[in-house]
$ cat coords.csv   # CSV, C-alpha atoms and all ligand atoms
chain,number,residue,atom,x,y,z
A,1007,MET,CA,34.4,-77.9,-24.9
A,1008,THR,CA,35.2,-81.3,-23.3
A,1009,SER,CA,37.2,-81.1,-20.1
A,1010,LEU,CA,40.0,-83.6,-19.4
A,1011,GLU,CA,37.9,-84.9,-16.4
A,1012,GLU,CA,35.3,-86.1,-18.9
A,1013,LEU,CA,37.9,-88.3,-20.7
A,1014,PRO,CA,38.9,-91.8,-19.5
A,1015,LEU,CA,42.3,-90.5,-18.5
A,1016,ARG,CA,44.7,-92.8,-16.7
A,1017,PRO,CA,44.2,-92.0,-13.0
A,1018,GLU,CA,47.8,-91.0,-12.4
A,1019,LEU,CA,47.5,-88.2,-15.1
A,1020,ARG,CA,44.5,-86.6,-13.5
A,1021,GLY,CA,45.1,-83.1,-12.2
A,1022,LYS,CA,48.6,-83.0,-13.7
A,1023,SER,CA,50.0,-80.1,-15.7
A,1024,PRO,CA,52.2,-80.5,-18.8
A,1025,TYR,CA,55.8,-79.2,-18.8
A,1026,GLY,CA,55.4,-75.6,-19.6
A,1027,ALA,CA,58.3,-73.2,-19.8
A,1028,PRO,CA,56.7,-70.1,-21.2
A,1029,GLN,CA,57.5,-69.5,-24.9
A,1030,LEU,CA,57.0,-65.8,-25.2
A,1031,ALA,CA,58.1,-63.5,-28.0
A,1032,VAL,CA,60.2,-61.0,-26.0
A,1033,ALA,CA,63.5,-59.3,-26.8
A,1034,HIS,CA,65.6,-61.4,-24.5
A,1035,GLN,CA,64.7,-65.0,-24.0
A,1036,LEU,CA,66.9,-66.3,-21.1
A,1037,ASN,CA,64.6,-68.9,-19.7
A,1038,THR,CA,65.3,-72.3,-21.3
A,1039,ASN,CA,69.1,-72.6,-21.1
A,1040,GLU,CA,69.5,-72.5,-24.9
A,1041,ASN,CA,72.8,-71.5,-26.5
A,1042,PRO,CA,72.2,-68.0,-27.8
A,1043,TYR,CA,74.5,-68.3,-30.9
A,1044,PRO,CA,73.0,-69.2,-34.2
A,1045,LEU,CA,74.7,-72.0,-36.2
A,1046,PRO,CA,77.9,-71.1,-38.0
A,1047,LYS,CA,77.4,-70.4,-41.8
A,1048,SER,CA,79.8,-73.3,-42.8
A,1049,LEU,CA,77.5,-75.7,-40.9
A,1050,LEU,CA,74.4,-74.3,-42.5
A,1051,ALA,CA,75.8,-75.1,-45.9
A,1052,ASP,CA,76.8,-78.6,-44.9
A,1053,LEU,CA,73.4,-79.2,-43.3
A,1054,GLY,CA,71.7,-78.2,-46.5
A,1055,THR,CA,73.9,-80.7,-48.4
A,1056,ALA,CA,73.4,-83.4,-45.8
A,1057,LEU,CA,69.6,-83.1,-45.7
A,1058,ALA,CA,69.4,-82.9,-49.5
A,1059,GLY,CA,71.4,-86.1,-49.6
A,1060,VAL,CA,68.9,-88.1,-47.5
A,1061,ALA,CA,65.8,-86.3,-48.9
A,1062,ALA,CA,65.7,-88.5,-52.0
A,1063,GLY,CA,65.6,-91.6,-49.8
A,1064,LEU,CA,62.8,-90.5,-47.5
A,1065,ASN,CA,60.5,-93.1,-49.0
A,1066,ARG,CA,62.6,-95.6,-47.0
A,1067,TYR,CA,62.7,-96.0,-43.2
A,1068,PRO,CA,65.8,-94.6,-41.5
A,1069,ASP,CA,68.6,-96.8,-40.0
A,1070,ARG,CA,66.7,-98.1,-37.0
A,1071,ASP,CA,69.9,-98.4,-35.0
A,1072,ALA,CA,71.4,-95.1,-36.1
A,1073,VAL,CA,74.8,-96.8,-36.2
A,1074,ALA,CA,76.7,-94.0,-38.1
A,1075,LEU,CA,75.4,-91.3,-35.8
A,1076,ARG,CA,76.1,-93.3,-32.7
A,1077,THR,CA,79.6,-94.0,-34.0
A,1078,ASP,CA,80.1,-90.2,-34.4
A,1079,LEU,CA,78.8,-89.6,-30.9
A,1080,ALA,CA,81.1,-92.2,-29.5
A,1081,THR,CA,84.0,-90.5,-31.3
A,1082,TYR,CA,83.0,-87.2,-29.8
A,1083,LEU,CA,82.8,-88.6,-26.3
A,1084,THR,CA,86.1,-90.4,-26.7
A,1085,ARG,CA,87.8,-87.3,-27.9
A,1086,THR,CA,86.5,-85.0,-25.2
A,1087,SER,CA,86.6,-87.3,-22.2
A,1088,GLY,CA,89.7,-89.3,-22.8
A,1089,GLU,CA,87.6,-92.4,-22.1
A,1090,GLN,CA,87.3,-95.1,-24.8
A,1091,VAL,CA,83.7,-95.0,-25.8
A,1092,VAL,CA,82.6,-97.4,-28.5
A,1093,VAL,CA,79.4,-97.4,-30.6
A,1094,GLU,CA,77.9,-100.3,-28.6
A,1095,LYS,CA,77.9,-98.1,-25.5
A,1096,VAL,CA,76.0,-95.2,-27.1
A,1097,TRP,CA,72.3,-94.8,-27.7
A,1098,ALA,CA,70.6,-91.8,-29.3
A,1099,ALA,CA,67.0,-90.5,-29.3
A,1100,ASN,CA,64.9,-87.3,-29.9
A,1101,GLY,CA,66.4,-85.1,-27.2
A,1102,SER,CA,67.7,-86.4,-23.9
A,1103,ASN,CA,64.0,-86.2,-22.7
A,1104,GLU,CA,63.3,-89.2,-24.9
A,1105,VAL,CA,66.5,-90.9,-23.7
A,1106,LEU,CA,65.2,-90.5,-20.1
A,1107,GLN,CA,61.7,-91.7,-21.1
A,1108,GLN,CA,63.2,-94.8,-22.7
A,1109,LEU,CA,65.2,-95.4,-19.5
A,1110,LEU,CA,62.2,-95.2,-17.3
A,1111,GLN,CA,60.1,-97.3,-19.7
A,1112,THR,CA,62.9,-99.9,-19.4
A,1113,PHE,CA,63.9,-99.8,-15.7
A,1114,GLY,CA,60.9,-98.0,-14.1
A,1115,GLY,CA,57.2,-98.7,-14.5
A,1116,ALA,CA,54.3,-99.9,-12.4
A,1117,ASP,CA,55.4,-101.0,-8.9
A,1118,ARG,CA,58.8,-99.4,-9.4
A,1119,THR,CA,60.3,-96.3,-7.9
A,1120,ALA,CA,62.6,-93.5,-9.1
A,1121,LEU,CA,64.4,-91.1,-6.8
A,1122,GLY,CA,66.0,-87.8,-7.7
A,1123,PHE,CA,67.6,-85.1,-5.6
A,1124,THR,CA,65.2,-82.1,-5.8
A,1125,PRO,CA,65.2,-79.3,-6.8
A,1126,SER,CA,66.3,-80.7,-10.1
A,1127,TYR,CA,65.1,-81.1,-13.7
A,1128,SER,CA,61.3,-81.0,-13.5
A,1129,MET,CA,61.0,-83.6,-16.3
A,1130,HIS,CA,62.4,-86.4,-14.2
A,1131,PRO,CA,59.3,-86.7,-12.0
A,1132,ILE,CA,57.0,-85.9,-14.9
A,1133,ILE,CA,58.4,-88.7,-17.1
A,1134,ALA,CA,58.4,-91.0,-14.0
A,1135,GLY,CA,54.6,-90.2,-13.7
A,1136,SER,CA,53.9,-90.8,-17.4
A,1137,THR,CA,55.6,-94.2,-17.1
A,1138,SER,CA,53.7,-95.1,-13.9
A,1139,THR,CA,56.9,-95.0,-11.9
A,1140,ALA,CA,56.5,-93.8,-8.3
A,1141,TRP,CA,58.7,-90.8,-7.5
A,1142,VAL,CA,60.6,-90.0,-4.3
A,1143,ASP,CA,62.2,-86.6,-3.7
A,1144,GLY,CA,65.8,-87.0,-2.6
A,1145,HIS,CA,67.3,-84.5,-0.1
A,1146,ARG,CA,69.8,-81.7,-0.7
A,1147,ARG,CA,71.4,-79.4,1.7
A,1148,ALA,CA,70.1,-75.8,2.0
A,1149,ASP,CA,73.0,-74.7,-0.3
A,1150,PHE,CA,71.7,-77.3,-2.9
A,1151,THR,CA,74.7,-79.6,-2.6
A,1152,ILE,CA,74.2,-83.3,-2.0
A,1153,ASP,CA,75.2,-84.6,1.4
A,1154,VAL,CA,76.7,-88.0,0.3
A,1155,ASP,CA,76.0,-89.8,3.6
A,1156,ALA,CA,72.4,-88.6,3.8
A,1157,ALA,CA,71.9,-89.4,0.1
A,1158,VAL,CA,73.4,-92.9,0.4
A,1159,ALA,CA,71.2,-93.6,3.5
A,1160,GLN,CA,68.1,-92.4,1.7
A,1161,VAL,CA,68.8,-94.6,-1.3
A,1162,ARG,CA,69.5,-97.6,0.9
A,1163,GLU,CA,66.1,-97.0,2.7
A,1164,VAL,CA,64.0,-96.3,-0.4
A,1165,ARG,CA,65.6,-98.9,-2.6
A,1166,PRO,CA,64.7,-97.1,-5.9
A,1167,ASP,CA,64.9,-98.8,-9.2
A,1168,VAL,CA,66.2,-95.7,-10.9
A,1169,VAL,CA,68.2,-92.9,-9.3
A,1170,PHE,CA,68.7,-89.6,-11.0
A,1171,VAL,CA,71.7,-87.3,-10.4
A,1172,THR,CA,71.7,-84.2,-12.5
A,1173,SER,CA,75.3,-82.8,-12.8
A,1174,PRO,CA,75.6,-79.9,-13.3
A,1175,ASN,CA,72.1,-79.7,-11.7
A,1176,ASN,CA,69.3,-77.8,-13.3
A,1177,PRO,CA,68.1,-75.3,-11.9
A,1178,THR,CA,70.9,-74.7,-9.4
A,1179,GLY,CA,74.0,-75.2,-11.5
A,1180,THR,CA,75.5,-77.5,-8.8
A,1181,ALA,CA,77.9,-80.1,-10.0
A,1182,VAL,CA,78.2,-83.5,-8.2
A,1183,ASP,CA,81.6,-85.0,-7.5
A,1184,LEU,CA,82.5,-88.4,-8.8
A,1185,ASP,CA,82.9,-89.8,-5.2
A,1186,THR,CA,79.3,-89.0,-4.5
A,1187,ILE,CA,78.2,-90.6,-7.8
A,1188,ALA,CA,80.3,-93.7,-7.1
A,1189,ALA,CA,78.9,-94.0,-3.6
A,1190,LEU,CA,75.3,-93.7,-4.9
A,1191,TYR,CA,76.0,-96.4,-7.4
A,1192,ASP,CA,77.2,-98.7,-4.7
A,1193,ALA,CA,74.2,-97.8,-2.5
A,1194,THR,CA,71.6,-98.8,-5.2
A,1195,ASP,CA,70.7,-102.1,-7.0
A,1196,GLY,CA,68.9,-99.9,-9.5
A,1197,VAL,CA,70.1,-97.9,-12.5
A,1198,LEU,CA,71.9,-94.7,-11.7
A,1199,VAL,CA,71.3,-92.1,-14.4
A,1200,VAL,CA,73.7,-89.1,-14.4
A,1201,ASP,CA,72.0,-86.4,-16.4
A,1202,GLU,CA,74.9,-84.4,-17.9
A,1203,ALA,CA,72.9,-82.1,-20.2
A,1204,TYR,CA,75.1,-79.1,-19.2
A,1205,THR,CA,78.5,-80.9,-18.7
A,1206,GLU,CA,80.3,-79.0,-21.5
A,1207,PHE,CA,79.9,-75.7,-19.5
A,1208,ALA,CA,81.5,-77.1,-16.3
A,1209,ARG,CA,84.3,-75.2,-14.7
A,1210,THR,CA,87.8,-76.6,-14.6
A,1211,GLY,CA,88.0,-79.4,-12.2
A,1212,THR,CA,84.5,-80.6,-12.6
A,1213,VAL,CA,84.6,-84.1,-14.3
A,1214,SER,CA,82.1,-86.1,-16.2
A,1215,ALA,CA,80.8,-89.4,-14.9
A,1216,LEU,CA,81.9,-91.1,-18.1
A,1217,SER,CA,85.1,-92.1,-16.4
A,1218,LEU,CA,83.1,-94.2,-13.9
A,1219,LEU,CA,81.4,-96.3,-16.6
A,1220,PRO,CA,84.0,-99.2,-16.7
A,1221,GLY,CA,82.9,-101.9,-14.3
A,1222,ARG,CA,79.6,-100.2,-13.5
A,1223,PRO,CA,76.9,-101.8,-15.8
A,1224,ARG,CA,74.0,-100.0,-14.0
A,1225,LEU,CA,75.4,-96.5,-14.6
A,1226,VAL,CA,74.1,-94.4,-17.4
A,1227,VAL,CA,75.4,-91.0,-18.5
A,1228,SER,CA,72.9,-88.9,-20.4
A,1229,ARG,CA,73.9,-86.1,-22.7
A,1230,THR,CA,72.3,-83.7,-25.3
A,1231,MET,CA,73.1,-81.6,-28.3
A,1232,SER,CA,70.5,-79.0,-27.1
A,1233,LYS,CA,72.8,-76.9,-24.9
A,1234,ALA,CA,76.5,-76.6,-25.7
A,1235,PHE,CA,76.1,-77.7,-29.3
A,1236,GLY,CA,73.4,-75.0,-29.7
A,1237,MET,CA,71.1,-77.5,-31.5
A,1238,ALA,CA,68.0,-77.5,-29.2
A,1239,GLY,CA,65.8,-77.4,-32.3
A,1240,LEU,CA,67.4,-80.6,-33.7
A,1241,ARG,CA,66.1,-82.8,-30.8
A,1242,LEU,CA,69.1,-85.1,-30.3
A,1243,GLY,CA,70.0,-86.6,-27.0
A,1244,TYR,CA,72.2,-89.6,-26.3
A,1245,LEU,CA,73.5,-91.8,-23.5
A,1246,ALA,CA,76.7,-93.7,-22.8
A,1247,ALA,CA,76.4,-96.9,-20.7
A,1248,ASP,CA,77.3,-100.6,-20.7
A,1249,PRO,CA,76.3,-102.2,-24.1
A,1250,ALA,CA,73.6,-104.2,-22.1
A,1251,VAL,CA,71.8,-101.0,-21.3
A,1252,VAL,CA,71.9,-100.0,-24.9
A,1253,GLU,CA,70.4,-103.4,-25.8
A,1254,ALA,CA,67.8,-103.0,-23.0
A,1255,VAL,CA,66.4,-99.6,-24.2
A,1256,GLN,CA,65.9,-101.1,-27.6
A,1257,LEU,CA,63.1,-103.2,-26.0
A,1258,VAL,CA,61.0,-100.0,-25.6
A,1259,ARG,CA,62.2,-97.7,-28.4
A,1260,LEU,CA,59.7,-97.2,-31.2
A,1261,PRO,CA,61.0,-98.6,-34.4
A,1262,TYR,CA,62.7,-95.9,-36.6
A,1263,HIS,CA,62.3,-93.3,-33.8
A,1264,LEU,CA,65.2,-91.1,-35.1
A,1265,SER,CA,64.3,-89.8,-38.6
A,1266,SER,CA,66.8,-89.9,-41.4
A,1267,LEU,CA,66.7,-86.1,-41.4
A,1268,THR,CA,67.6,-86.0,-37.7
A,1269,GLN,CA,70.4,-88.5,-38.1
A,1270,ALA,CA,71.9,-86.7,-41.0
A,1271,ALA,CA,71.6,-83.2,-39.4
A,1272,ALA,CA,73.2,-84.5,-36.2
A,1273,ARG,CA,76.1,-86.0,-38.1
A,1274,ALA,CA,76.6,-82.8,-40.0
A,1275,ALA,CA,76.7,-80.9,-36.8
A,1276,LEU,CA,79.1,-83.3,-35.1
A,1277,ALA,CA,81.5,-82.8,-38.1
A,1278,HIS,CA,81.5,-79.1,-36.9
A,1279,THR,CA,82.0,-79.9,-33.2
A,1280,ASP,CA,85.0,-77.6,-32.6
A,1281,GLU,CA,83.2,-74.6,-34.2
A,1282,LEU,CA,80.0,-75.3,-32.3
A,1283,LEU,CA,81.7,-75.7,-29.0
A,1284,ALA,CA,83.7,-72.6,-29.5
A,1285,THR,CA,80.7,-70.7,-28.2
A,1286,VAL,CA,80.9,-72.5,-24.8
A,1287,GLU,CA,83.7,-70.3,-23.5
A,1288,ALA,CA,81.8,-67.1,-24.5
A,1289,VAL,CA,78.7,-68.4,-22.6
A,1290,LYS,CA,80.8,-69.3,-19.6
A,1291,ALA,CA,82.3,-65.8,-19.5
A,1292,GLN,CA,78.8,-64.3,-19.4
A,1293,ARG,CA,77.8,-66.8,-16.7
A,1294,ASP,CA,80.7,-65.7,-14.6
A,1295,ARG,CA,80.0,-62.1,-15.3
A,1296,ILE,CA,76.5,-62.5,-14.0
A,1297,VAL,CA,77.7,-64.2,-10.8
A,1298,ALA,CA,80.3,-61.4,-10.3
A,1299,ALA,CA,77.7,-58.6,-10.9
A,1300,LEU,CA,75.1,-59.8,-8.4
A,1301,PRO,CA,76.6,-58.8,-5.0
A,1302,ALA,CA,76.7,-55.1,-6.1
A,1303,LEU,CA,72.9,-55.4,-6.7
A,1304,GLY,CA,72.5,-56.9,-3.2
A,1305,LEU,CA,71.8,-60.3,-4.7
A,1306,THR,CA,73.5,-63.7,-4.5
A,1307,SER,CA,73.8,-66.8,-6.6
A,1308,VAL,CA,74.5,-70.5,-6.4
A,1309,PRO,CA,77.9,-71.6,-7.7
A,1310,SER,CA,77.2,-72.7,-11.3
A,1311,ASP,CA,78.9,-75.2,-13.6
A,1312,ALA,CA,76.2,-74.7,-16.2
A,1313,ASN,CA,75.1,-72.1,-18.7
A,1314,PHE,CA,72.7,-70.5,-16.3
A,1315,VAL,CA,72.7,-69.0,-12.8
A,1316,LEU,CA,70.2,-69.4,-10.0
A,1317,PHE,CA,70.0,-66.0,-8.3
A,1318,GLY,CA,68.2,-64.3,-5.4
A,1319,HIS,CA,67.0,-63.7,-2.8
A,1320,PHE,CA,63.8,-61.9,-3.7
A,1321,GLY,CA,61.0,-61.2,-1.3
A,1322,ASP,CA,58.6,-62.3,-4.0
A,1323,ALA,CA,60.5,-64.1,-6.8
A,1324,HIS,CA,57.4,-64.2,-9.1
A,1325,ALA,CA,57.0,-60.4,-8.8
A,1326,ALA,CA,60.7,-59.9,-9.7
A,1327,TRP,CA,60.2,-62.3,-12.6
A,1328,GLN,CA,57.3,-60.2,-13.9
A,1329,ALA,CA,59.2,-56.9,-13.4
A,1330,LEU,CA,62.1,-58.3,-15.5
A,1331,LEU,CA,59.6,-59.5,-18.1
A,1332,ASP,CA,58.1,-56.0,-18.2
A,1333,ARG,CA,61.6,-54.9,-19.2
A,1334,GLY,CA,61.8,-57.4,-22.1
A,1335,VAL,CA,63.8,-60.0,-20.2
A,1336,LEU,CA,62.3,-63.4,-19.8
A,1337,VAL,CA,64.0,-65.5,-17.1
A,1338,ARG,CA,62.7,-68.6,-15.3
A,1339,ASP,CA,60.6,-68.8,-12.2
A,1340,VAL,CA,61.4,-72.4,-11.2
A,1341,GLY,CA,59.1,-72.3,-8.2
A,1342,LEU,CA,61.9,-72.0,-5.6
A,1343,PRO,CA,60.9,-69.4,-3.1
A,1344,GLY,CA,63.3,-66.4,-3.4
A,1345,TRP,CA,65.1,-67.6,-6.4
A,1346,LEU,CA,65.0,-67.1,-10.2
A,1347,ARG,CA,67.1,-68.7,-12.9
A,1348,VAL,CA,68.7,-66.9,-15.8
A,1349,THR,CA,70.4,-68.4,-18.9
A,1350,ALA,CA,73.8,-66.9,-19.8
A,1351,GLY,CA,73.4,-65.5,-23.2
A,1352,THR,CA,75.4,-63.2,-25.4
A,1353,LEU,CA,77.2,-60.2,-24.1
A,1354,GLU,CA,74.4,-58.0,-25.3
A,1355,GLU,CA,71.7,-60.2,-23.6
A,1356,THR,CA,73.7,-60.2,-20.4
A,1357,ASP,CA,73.9,-56.4,-20.6
A,1358,ALA,CA,70.1,-56.2,-21.0
A,1359,PHE,CA,69.6,-58.6,-18.2
A,1360,LEU,CA,71.9,-56.8,-15.8
A,1361,THR,CA,70.4,-53.4,-16.7
A,1362,ALA,CA,66.9,-54.6,-16.1
A,1363,LEU,CA,68.0,-56.4,-12.9
A,1364,GLY,CA,69.6,-53.2,-11.7
A,1365,GLU,CA,66.2,-51.5,-11.9
A,1366,VAL,CA,64.3,-54.4,-10.4
A,1367,ALA,CA,66.5,-55.5,-7.6
A,1368,PRO,CA,66.2,-52.5,-5.2
A,1369,SER,CA,62.4,-52.9,-4.8
A,1370,HIS,CA,62.3,-56.7,-4.9
A,1371,ARG,CA,65.1,-57.9,-2.6
A,1401,LIG,N1,68.2,-82.7,-18.8
A,1401,LIG,C1,68.3,-81.5,-18.2
A,1401,LIG,C2,69.0,-81.4,-16.9
A,1401,LIG,C3,67.8,-80.4,-18.9
A,1401,LIG,O1,67.8,-79.2,-18.3
A,1401,LIG,C4,67.2,-80.6,-20.1
A,1401,LIG,C5,66.6,-79.5,-20.9
A,1401,LIG,N2,66.2,-78.4,-20.2
A,1401,LIG,C6,67.1,-81.9,-20.6
A,1401,LIG,C7,67.7,-82.9,-19.9
A,1401,LIG,C8,66.4,-82.2,-21.9
A,1401,LIG,O2,67.0,-81.7,-23.0
A,1401,LIG,P1,66.8,-82.2,-24.5
A,1401,LIG,O3,65.5,-83.1,-24.5
A,1401,LIG,O4,66.6,-81.0,-25.3
A,1401,LIG,O5,68.0,-83.0,-24.8

$ encode --input "coords.csv" --output "structure tokens"
Amino acid sequence: MTSLEELPLRPELRGKSPYGAPQLAVAHQLNTNENPYPLPKSLLADLGTALAGVAAGLNRYPDRDAVALRTDLATYLTRTSGEQVVVEKVWAANGSNEVLQQLLQTFGGADRTALGFTPSYSMHPIIAGSTSTAWVDGHRRADFTIDVDAAVAQVREVRPDVVFVTSPNNPTGTAVDLDTIAALYDATDGVLVVDEAYTEFARTGTVSALSLLPGRPRLVVSRTMSKAFGMAGLRLGYLAADPAVVEAVQLVRLPYHLSSLTQAAARAALAHTDELLATVEAVKAQRDRIVAALPALGLTSVPSDANFVLFGHFGDAHAAWQALLDRGVLVRDVGLPGWLRVTAGTLEETDAFLTALGEVAPSHR
């Protein structure tokens, strides 16, 4: 077997590990923040029709600019945010991971720097690395909130080309208020990416950064159909930004990056938006149930605006993770000492999680 060291790898990739949330076949998979609900039957029927409709044309390349899909996404954003979002302000790719990669290919790169407030989504520094963009960890308070003055000062000092704010944040669930985002925008000359993968799960009062887009051409809001829409397997992410940003990412996107099948499936799903998003309230109810149940187990959590809960404290979080796994419940060890992250699933999954946690907590707190 040839080892990686024997290959002429780019130096910055040496010693790195790939993104690797365990994909284990256990009864309760609560580790990757997916929506637990399968697609509604009515959508399955429409998906079949939509895919059959494009199948005959698969000898041709897809619409390179995905205009019909981007128009539907713009309609969704306009309808749910109250902001006027037009197709020219929307771009789509294979998951928001690809959106983020295209942004770093466009605005990061060699001799450039990205900054994100850690702990946050682990792919931000990984994609920075793979695009040769230097990475700087931004500071958070001990309760995982962002201290706006400290954050602004750090951004002014580091002068990053790309700033990431994840709101609600993964893995903590912490939402970031619009004043902080606006202040960070003013503090940077770079592109500010607000990663809103979980925004549909936000509690009342938590607002999307979409409303900040007018007049801020370096602000990008990134979204996905993987979470609230329950379409993680589809791989469809998108962004809203100034039309110039949409033009700019087209300098790096591969031609025909979004297959005809993906575009058609995403459009069929968007036609069922209300049905798909109906699961969001059920998931939020389980999230809040987990939060409410923790104190009786001698545990605590971080306030969450997402479809998951960061919970602790454990003496040895990895041992607690293993003990839960031994009981058929897979949660995420995000590498934060004392903490684990659980995805809010169905009522039954939450039952199973809380039962297992009840057994595990006394010996692992
Ligand atoms: N952003 C955040 C904060 C995430 O947690 C995830 C997925 N875990 C993504 C982006 C990427 O999601 P996708 O590529 O499925 O759109």

$ closest_residue --input "coords.csv" --among "A:Ala1288, A:Ala1193, A:Ala1234, A:Val1092" --to "ligand LIG 1401 (chain A)" --atoms "all atoms listed in the file"
A:Ala1234

$ closest_residue --input "coords.csv" --among "A:Thr1356, A:Ser1126, A:Gln1256, A:Ser1307" --to "ligand LIG 1401 (chain A)" --atoms "only C-alpha atoms and all ligand atoms"
A:Ser1126

$ closest_residue --input "coords.csv" --among "A:Val1255, A:Val1105, A:Leu1013, A:Ala1148" --to "ligand LIG 1401 (chain A)" --atoms "only C-alpha atoms and all ligand atoms"
A:Val1105

$ residues_near_ligand --input "coords.csv" --ligand "ligand LIG 1401 (chain A)" --cutoff "9 Å" --atoms "all atoms listed in the file" --output "NGL selection string"
:A and (1038-1040 or 1099-1106 or 1126-1130 or 1172-1177 or 1201-1204 or 1228-1233 or 1237-1244)

$ atom_distance --input "coords.csv" --atom1 "atom CA of Leu1225 of chain A" --atom2 "atom CA of Asp1078 of chain A"
21.3 Å

$ closest_residue --input "coords.csv" --among "A:Leu1219, A:Leu1057, A:Ala1120, A:Val1073" --to "Gly1135 of chain A" --atoms "all atoms listed in the file"
A:Ala1120

$ closest_atom_pairs --input "coords.csv" --of "segment 1175-1247 of chain A" --to "segment 1308-1313 of chain A" --cutoff "6 Å" --atoms "all atoms listed in the file" --output "CSV"
residue,atom,partner,partner_atom,distance
A:Gly1179,CA,A:Ser1310,CA,4.1
A:Thr1180,CA,A:Ser1310,CA,5.7
A:Tyr1204,CA,A:Ala1312,CA,5.4
A:Phe1207,CA,A:Ala1312,CA,5.1
A:Ala1208,CA,A:Asp1311,CA,4.2
A:Arg1209,CA,A:Asp1311,CA,5.5

$ atom_distance --input "coords.csv" --atom1 "atom CA of Arg1147 of chain A" --atom2 "atom CA of Ala1181 of chain A"
13.4 Å

$ closest_residue --input "coords.csv" --among "A:Arg1295, A:Pro1125, A:Leu1283, A:Thr1084" --to "Leu1342 of chain A" --atoms "only C-alpha atoms"
A:Pro1125

$ closest_residue --input "coords.csv" --among "A:Val1348, A:Val1289, A:Leu1360, A:Ala1302" --to "Gln1035 of chain A" --atoms "only C-alpha atoms"
A:Val1348
